[in-house]
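Colleague: Quick one: the structure is below, and I'll ask about it shortly.
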Protein chains: 2
Amino acid sequence: MNAQPTVKPYVIGLDLGGTNSVFGIVDSRGEIKATTAIKTQGFDKVEDYVDAAVTALSPIIEEVGGIDNIKAMGIGAPNGNYYKGTIEFAPNLSWGHDGIVPLADMFSERLGIPVALTNDANAAAIGEMAYGVARGMKNFIVLTLGTGVGSGIVINGQLVYGHDGFAGELGHVIMRREGGRSCGCGRKGCLEAYCSATGVARSAREFLETSDEPSLLREMNADDITSLDVSIAASKGDKLALRVYEFTGKMLGEACADFAAFSSPEAFIFFGGLTKAGDLIMDPIKKSYDECVLPIFRNKAKFLISGLDGSSAAVLGASAIGWEI
Amino acid sequence: MNAQPTVKPYVIGLDLGGTNSVFGIVDSRGEIKATTAIKTQGFDKVEDYVDAAVTALSPIIEEVGGIDNIKAMGIGAPNGNYYKGTIEFAPNLSWGHDGIVPLADMFSERLGIPVALTNDANAAAIGEMAYGVARGMKNFIVLTLGTGVGSGIVINGQLVYGHDGFAGELGHVIMRREGGRSCGCGRKGCLEAYCSATGVARSAREFLETSDEPSLLREMNADDITSLDVSIAASKGDKLALRVYEFTGKMLGEACADFAAFSSPEAFIFFGGLTKAGDLIMDPIKKSYDECVLPIFRNKAKFLISGLDGSSAAVLGASAIGWEI
C-alpha cells in the first residue's frame with residue numbers, strides 16, 4: 001500500500017495594515033474559508049502582537065482541520081523586506097517604527113509553517129497572478145492607487161524584488177522635474193504626489209484655486225475635499241472634477257509609457273480606491289498611453305482593473321505569497 | 001568503458017552592424033579564438049548575405065576543430081526579436097528594411113547548431129554577465145551610450161525581454177516633458193536625444209549658441225562638432241565642454257534614479273563611446289544619482305564602466321547569447 005502524497009490545501013494570508021490586521025485562510029482558487037482580525041496597534045512589543053495574532057488564528061486553523069492542512073503563511077505589510085522576512089522602520093507601527101522586526105521568522109516559529117512577507121503592492125501583484133486578472137500572465141505591472149501609489153512588477157513570471165528587496169517603487173518616479181509637488185518621500189514631482197487619492201484631492205484644490213469654473217466641490221471646505229468627493233462630483237458630470245480625472249489619467253498614461261520602455265508588460269493592472277471611478281480614470285490613462293508610448297509598443301498592452309474582490313483583496317494578495325514559498 | 005560527455009567548448013558571436021558583420025569564435029572565458037568579417041550591405045536578398053557569411057565562417061570553424069566543437073551561435077543585431085529570432089523592419093539593412101527576416105533559423109539550418117538573436121544592447125548585457133564586470137550579478141542594467149542610447153536589463157539573472165521581446169528601451173524614457181528635444185523615434189524629450197553621442201554634440205552646439213563663453217570648440221564649424229571633439233576639449237580643461245559632460249551626466253543620474261525605483265539593480269554598467277570620457281562623465285552621473293534617488297536606494301548601486309574590451313565587445317556580447325541557449 002502506497003502512502004498518499006500529502007497535499008496541504010490552504011494558506012494563511014495576513015493583511016497587516018496601520019490600523020487592523022486581517023487574517024484569512026484561503027484555498028488554491030482564492031476562496032476565503034475562514035477569517036479573523038485583531039488591532040495592529042496597542043502593542044508595545046512585537047512579541048505581544050504575535051501572541052494576540054496566534055490566539056486569534058487558533059480557532060480558524062482548527063476550523064479547516066488543523067495546521068497540517070496549511071502549507072504556508074503570506075504577509076503583506078508596510079516596509080516589508082521579502083529577502084529577510086522583516087519589517088524595517090515602519091513609521092506607522094507602534095511596535096515596528098524604530099527597528100528591524102523579523103516578523104516572518106517569529107510567525108514561522110510559533111505556527112510551525114513557512115512564512116513569507118512582502119509589501120502590500122507586491123502582495124497585490126502575486127494575488128492577481130494567483131487568483132485575479134493576471135492568471136497565466138508572465139509580464140505585468142500592478143499599480144495600487146490608494147493613499148499612496150505602490151507597485152508590484154512581475155517579469156518572466158517572477159516578482160521583481162531587486163538587489164535589496166525594495167524594487168518596485170513606481171510611485172516615486174519623477175514626473176515633474178521642474179516645480180513638482182512635494183512628496184511624502186522628501187523629494188519633488190513624484191508620481192505619487194499627483195496620482196494617489198491624496199494627490200487627486202490636491203489636484204482638485206489646485207484646480208478650484210486657479211479657476212473660477214463653477215463646481216459642486218465649491219460647496220465644500222477646500223481642506224475637507226477627498227478623492228471620494230471628486231469621484232462623486234465627476235459621476236454627476238461636474239466638469240472641474242472630470243478635468244481632475246483627465247489630468248490624473250494623463251499622467252498615469254505618461255508614466256506607463258515609460259514603464260513599457262522598461263519591461264514591455266502584457267498588462268497594466270490598477271488596484272485600489274481610485275479605480276472605483278472606472279472609465280472616468282481608465283479612459284484618460286489609455287488615451288494618454290497611446291499618445292505617449294514608443295511606436296513599437298503601441299496597441300499592445302492591456303489596461304485592466306484588479307480582479308480581486310475589494311474588501312478581501314489585500315488578504316487574498318497576502319495569502320498568495322504563501323503559494324510561492 | 002563509459003563514453004565521455006561531449007563538452008562543446010566554443011560559441012560563435014556575430015556583431016551585425018549597419019556597415020560590417022564581424023564574427024568571432026569564443027571560449028567560455030571570453031577569449032576570441034578566431035575571427036572574420038564581411039560587409040553587411042551590398043546584398044539584395046538575405047539568402048545572399050547568409051551565403052557570404054557561411055563561406056567566411058567555414059575556415060575559422062575548421063580552425064577550432066570543426067562544427068562539433070561549437071555549442072551555438074549568438075547574434076547581436078538592430079531590431080532583433082529574441083523570441084522569434086527575427087530582424088524586423090531594420091531601416092539600415094538593405095536586405096532587412098521592409099520585412100521580417102528569420103535570420104536565426106536561416107543560420108541554424110545552414111550550420112546545424114542552435115542560433116539565438118537579440119539587439120546589441122541586450123547582447124552587451126549578456127556579455128557583461130558572461131565575461132565582464134557583471135559576473136556573479138543577478139540584477140543590473142547596461143546602458144549603451146553610442147549613436148543612440150540602448151539598454152539591456154537583467155533581473156533575477158535573466159535578461160528582460162518583456163511580453164513582445166522588445167523590452168529594455170531605456171533610451172526612450174521621457175526626461176523633458178515640456179519643450180524637449182526631438183528624438184529619432186518621432187517623439188520629444190527622450191533620454192537618447194540628450195545622452196547619446198549625437199545628443200552630446202547637440203548639447204555642445206546649444207551651449208555655444210546660448211553663451212559667449214570662450215571655448216576651444218568655437219574654432220570648429222558648429223555643424224562638424226562630434227562627441228569626440230567635446231571629449232578632447234574637456235580633457236584639455238575647456239569649461240564649456242566640461243559643462244556639457246556635467247549636463248549629460250546629471251540627466252543620466254536622474255534617469256538611473258528612476259530606473260532604481262523600478263528594479264533596484266546592484267549596478268549600472270555603462271558601455272560605448274561616451275564612457276571613454278571616464279570620470280568626466282561618471283562623476284556627474286554618480287553625484288546626480290545620489291541627489292535624486294529615493295532615500296531607501298541611496299549609496300547602494302555601483303556605477304561601472306564595461307569590462308569588455310572595446311574593439312571586440314560587441315562580438316563577445318553576441319557570442320554570450322550562445323551560452324544561454
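Within each chain, counting starts at residue 1; across the C-alpha cells, chains are named A, B, ... in the order shown, with ligands numbered 1 upward in that order.
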Which residues come within 8 Å of Arg205 of chain A, counting only C-alpha atoms, excluding same-chain residues fewer than 6 positions away, as a ChimeraX atom specification?
Modeller: /A:222-223,225
Colleague: As a PyMOL selection string, please: the residues near Ala197 of chain B (cut-off 7 Å, only C-alpha atoms, same-chain neighbours under 5 positions excluded).
Modeller: chain B and resi 145-148+227+274
Colleague: Using C-alpha atoms, can you write the selected residues to a file as a PDB file, in the first residue's frame?
Modeller:
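Produced file out_24.pdb, reproduced below:
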ATOM      1  CA  LEU B 145      25.954  55.305 -24.914  1.00  0.00           C
ATOM      2  CA  GLY B 146      26.691  55.353 -28.628  1.00  0.00           C
ATOM      3  CA  THR B 147      24.989  56.872 -31.659  1.00  0.00           C
ATOM      4  CA  GLY B 148      21.827  56.163 -29.676  1.00  0.00           C
ATOM      5  CA  SER B 227      31.173  63.954 -29.129  1.00  0.00           C
ATOM      6  CA  LEU B 274      30.898  58.186 -24.311  1.00  0.00           C
TER       7      LEU B 274
END
Colleague: May I have all residues of segment 125-293 of chain B that DSSP, computed from the backbone, assigns to strand (DSSP E), given as a ChimeraX atom specification?
Modeller: /B:140-145,149-155,158-159,267-271
Colleague: Please determine the contact residues of chain A with respect to chain B at a cut-off of 6 Å, counting only C-alpha atoms, and supply them as a list in words.
Modeller: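 In the required form, that comes to Asn139, Gly162, His163, Ala167, Gly168, Glu169, Leu170, Val173, Asp258, Ala261, Phe262, Ser263, Ser264, Pro265 and Glu266 of chain A.
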Colleague: List as a PyMOL selection string the protein and nucleic acid residues near Pro9 of chain A, meaning an atom at most 8 Å away when only C-alpha atoms are counted, but skip any in the same chain fewer than 3 places from it.
Modeller: chain A and resi 27-28+69-71
Colleague: Keeping only C-alpha atoms, write the selected residues as a PDB file, in the first residue's frame.
Modeller:
ATOM      1  CA  ASP A  27      -7.739  27.731  -0.813  1.00  0.00           C
ATOM      2  CA  SER A  28      -5.981  27.477  -4.167  1.00  0.00           C
ATOM      3  CA  ASN A  69      -3.768  21.362   6.300  1.00  0.00           C
ATOM      4  CA  ILE A  70      -1.900  24.644   5.930  1.00  0.00           C
ATOM      5  CA  LYS A  71       1.019  24.952   3.525  1.00  0.00           C
TER       6      LYS A  71
END
Colleague: Please extract the residues of segment 91-162 of chain A with a backbone DSSP assignment of alpha helix (DSSP H) and present them as a ChimeraX atom specification.
Modeller: /A:103-111,120-131
Colleague: Skipping near chain neighbours, those fewer than 5 positions away, what residues fall within 7 Å of Tyr194 of chain A using only C-alpha atoms, listed as a list in words?
Modeller: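 The residues satisfying every condition are Gly199, Val200 and Thr248 of chain A.
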Colleague: Would you write out those residues with all heavy atoms, as a PDB file, in the first residue's frame?
Modeller:
ATOM      1  N   GLY A 199      -3.276  62.834  -3.817  1.00  0.00           N
ATOM      2  CA  GLY A 199      -2.862  63.649  -4.961  1.00  0.00           C
ATOM      3  C   GLY A 199      -4.068  64.150  -5.747  1.00  0.00           C
ATOM      4  O   GLY A 199      -4.086  65.304  -6.202  1.00  0.00           O
ATOM      5  N   VAL A 200      -5.075  63.298  -5.900  1.00  0.00           N
ATOM      6  CA  VAL A 200      -6.286  63.690  -6.624  1.00  0.00           C
ATOM      7  C   VAL A 200      -7.018  64.812  -5.880  1.00  0.00           C
ATOM      8  O   VAL A 200      -7.450  65.805  -6.487  1.00  0.00           O
ATOM      9  CB  VAL A 200      -7.205  62.457  -6.832  1.00  0.00           C
ATOM     10  CG1 VAL A 200      -8.610  62.870  -7.220  1.00  0.00           C
ATOM     11  CG2 VAL A 200      -6.606  61.537  -7.895  1.00  0.00           C
ATOM     12  N   THR A 248      -5.176  63.388 -13.988  1.00  0.00           N
ATOM     13  CA  THR A 248      -4.587  62.246 -13.274  1.00  0.00           C
ATOM     14  C   THR A 248      -4.311  61.093 -14.244  1.00  0.00           C
ATOM     15  O   THR A 248      -3.231  60.490 -14.237  1.00  0.00           O
ATOM     16  CB  THR A 248      -5.545  61.767 -12.154  1.00  0.00           C
ATOM     17  OG1 THR A 248      -5.939  62.896 -11.373  1.00  0.00           O
ATOM     18  CG2 THR A 248      -4.881  60.723 -11.272  1.00  0.00           C
TER      19      THR A 248
END
Colleague: Tell me which protein, DNA and RNA residues are within 10 Å of Pro214 of chain B, counting only C-alpha atoms, leaving out same-chain ones fewer than 5 positions away, and put them as a PDB file with C-alpha atoms, in the first residue's frame.
Modeller:
ATOM      1  CA  LEU B 208      27.890  77.563 -27.822  1.00  0.00           C
ATOM      2  CA  GLU B 219      37.407  77.106 -33.555  1.00  0.00           C
ATOM      3  CA  ASP B 238      37.679  73.516 -21.696  1.00  0.00           C
ATOM      4  CA  LYS B 239      34.951  74.796 -19.353  1.00  0.00           C
ATOM      5  CA  LEU B 240      32.107  74.749 -21.841  1.00  0.00           C
TER       6      LEU B 240
END
Colleague: Can you work out the spacing between atom CA of Asp309 of chain B and atom CA of Thr275 of chain B in Å, to one decimal?
Modeller: 12.5 Å
Colleague: Fewer than 5 positions away in the same chain doesn't count, so skip those; otherwise give me all residues within 12 Å of Ala116 of chain B, counting only C-alpha atoms, as a VMD selection string.
Modeller: chain B and resid 11 to 14 71 to 77 80 to 87 102 to 108 122 to 123 318 to 325
Colleague: Could you save the residues just selected, with N, CA and C atoms, as a short mmCIF file (atom, residue, chain, number, x, y, z; two decimals), in the first residue's frame?
Modeller:
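Below is the file that was written, again.cif:
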data_model
loop_
_atom_site.label_atom_id
_atom_site.label_comp_id
_atom_site.auth_asym_id
_atom_site.auth_seq_id
_atom_site.Cartn_x
_atom_site.Cartn_y
_atom_site.Cartn_z
N VAL B 11 31.50 29.07 -28.76
CA VAL B 11 30.29 29.63 -29.38
C VAL B 11 30.74 30.62 -30.46
N ILE B 12 29.86 30.82 -31.44
CA ILE B 12 30.11 31.85 -32.47
C ILE B 12 29.35 33.11 -32.09
N GLY B 13 30.01 34.25 -32.18
CA GLY B 13 29.33 35.53 -31.99
C GLY B 13 29.31 36.29 -33.31
N LEU B 14 28.17 36.92 -33.61
CA LEU B 14 28.07 37.78 -34.80
C LEU B 14 27.58 39.15 -34.37
N LYS B 71 28.97 25.02 -29.69
CA LYS B 71 27.70 24.78 -29.00
C LYS B 71 26.55 25.50 -29.68
N ALA B 72 26.78 26.75 -30.06
CA ALA B 72 25.67 27.57 -30.56
C ALA B 72 26.23 28.85 -31.15
N MET B 73 25.32 29.64 -31.73
CA MET B 73 25.71 30.94 -32.28
C MET B 73 24.79 32.01 -31.70
N GLY B 74 25.37 33.16 -31.36
CA GLY B 74 24.58 34.30 -30.88
C GLY B 74 24.77 35.48 -31.82
N ILE B 75 23.68 36.18 -32.09
CA ILE B 75 23.72 37.33 -33.00
C ILE B 75 23.22 38.57 -32.27
N GLY B 76 23.99 39.64 -32.32
CA GLY B 76 23.52 40.95 -31.85
C GLY B 76 23.23 41.80 -33.08
N ALA B 77 21.96 42.23 -33.21
CA ALA B 77 21.56 42.91 -34.45
C ALA B 77 20.53 43.99 -34.16
N GLY B 80 16.46 43.36 -33.42
CA GLY B 80 16.40 41.91 -33.23
C GLY B 80 15.32 41.51 -32.24
N ASN B 81 14.52 40.52 -32.60
CA ASN B 81 13.48 40.00 -31.71
C ASN B 81 13.92 38.64 -31.18
N TYR B 82 14.22 38.58 -29.90
CA TYR B 82 14.76 37.37 -29.28
C TYR B 82 13.78 36.21 -29.37
N TYR B 83 12.50 36.48 -29.08
CA TYR B 83 11.53 35.39 -29.03
C TYR B 83 11.40 34.70 -30.38
N LYS B 84 11.46 35.48 -31.45
CA LYS B 84 11.23 34.91 -32.78
C LYS B 84 12.52 34.65 -33.55
N GLY B 85 13.64 35.19 -33.09
CA GLY B 85 14.89 35.04 -33.82
C GLY B 85 14.90 35.81 -35.13
N THR B 86 14.13 36.88 -35.15
CA THR B 86 13.96 37.65 -36.40
C THR B 86 14.56 39.05 -36.28
N ILE B 87 14.88 39.62 -37.45
CA ILE B 87 15.18 41.05 -37.54
C ILE B 87 13.96 41.69 -38.20
N PRO B 102 13.83 35.92 -40.78
CA PRO B 102 14.05 34.88 -39.77
C PRO B 102 15.52 34.45 -39.74
N LEU B 103 16.41 35.39 -39.38
CA LEU B 103 17.84 35.17 -39.53
C LEU B 103 18.37 34.03 -38.66
N ALA B 104 17.85 33.90 -37.42
CA ALA B 104 18.35 32.83 -36.53
C ALA B 104 18.08 31.47 -37.15
N ASP B 105 16.86 31.25 -37.63
CA ASP B 105 16.52 29.97 -38.26
C ASP B 105 17.38 29.71 -39.50
N MET B 106 17.64 30.75 -40.29
CA MET B 106 18.42 30.57 -41.51
C MET B 106 19.84 30.12 -41.20
N PHE B 107 20.48 30.77 -40.20
CA PHE B 107 21.83 30.35 -39.82
C PHE B 107 21.82 28.95 -39.21
N SER B 108 20.78 28.67 -38.39
CA SER B 108 20.70 27.39 -37.72
C SER B 108 20.62 26.25 -38.74
N ASN B 122 21.12 44.33 -25.53
CA ASN B 122 20.87 43.10 -24.76
C ASN B 122 22.09 42.19 -24.84
N ALA B 123 22.69 42.12 -26.03
CA ALA B 123 23.90 41.30 -26.18
C ALA B 123 25.01 41.82 -25.26
N ALA B 318 27.58 39.32 -28.36
CA ALA B 318 26.75 38.46 -29.22
C ALA B 318 27.03 36.99 -28.94
N SER B 319 28.33 36.65 -28.80
CA SER B 319 28.67 35.24 -28.57
C SER B 319 28.06 34.73 -27.27
N ALA B 320 27.98 35.61 -26.26
CA ALA B 320 27.50 35.19 -24.94
C ALA B 320 26.06 34.71 -25.00
N ILE B 321 25.27 35.22 -25.95
CA ILE B 321 23.89 34.73 -26.10
C ILE B 321 23.91 33.24 -26.39
N GLY B 322 24.98 32.78 -27.08
CA GLY B 322 25.09 31.37 -27.41
C GLY B 322 25.15 30.47 -26.18
N TRP B 323 25.76 30.95 -25.10
CA TRP B 323 25.83 30.14 -23.86
C TRP B 323 24.47 30.01 -23.20
N GLU B 324 23.57 30.95 -23.47
CA GLU B 324 22.27 30.99 -22.79
C GLU B 324 21.23 30.07 -23.41
N ILE B 325 21.51 29.59 -24.63
CA ILE B 325 20.50 28.79 -25.33
C ILE B 325 20.26 27.46 -24.61
#
Colleague: Return the single residue from B:Gly237, B:Gly249, B:Gly150, B:Gly317 that is closest to Val26 of chain B, with distances computed using only C-alpha atoms.
Modeller: B:Gly317
Colleague: Which residue, B:Gly157, B:Gly273, B:Gly127, B:Pro91, has the smallest gap to Thr198 of chain B when you use only C-alpha atoms?
Modeller: B:Gly273
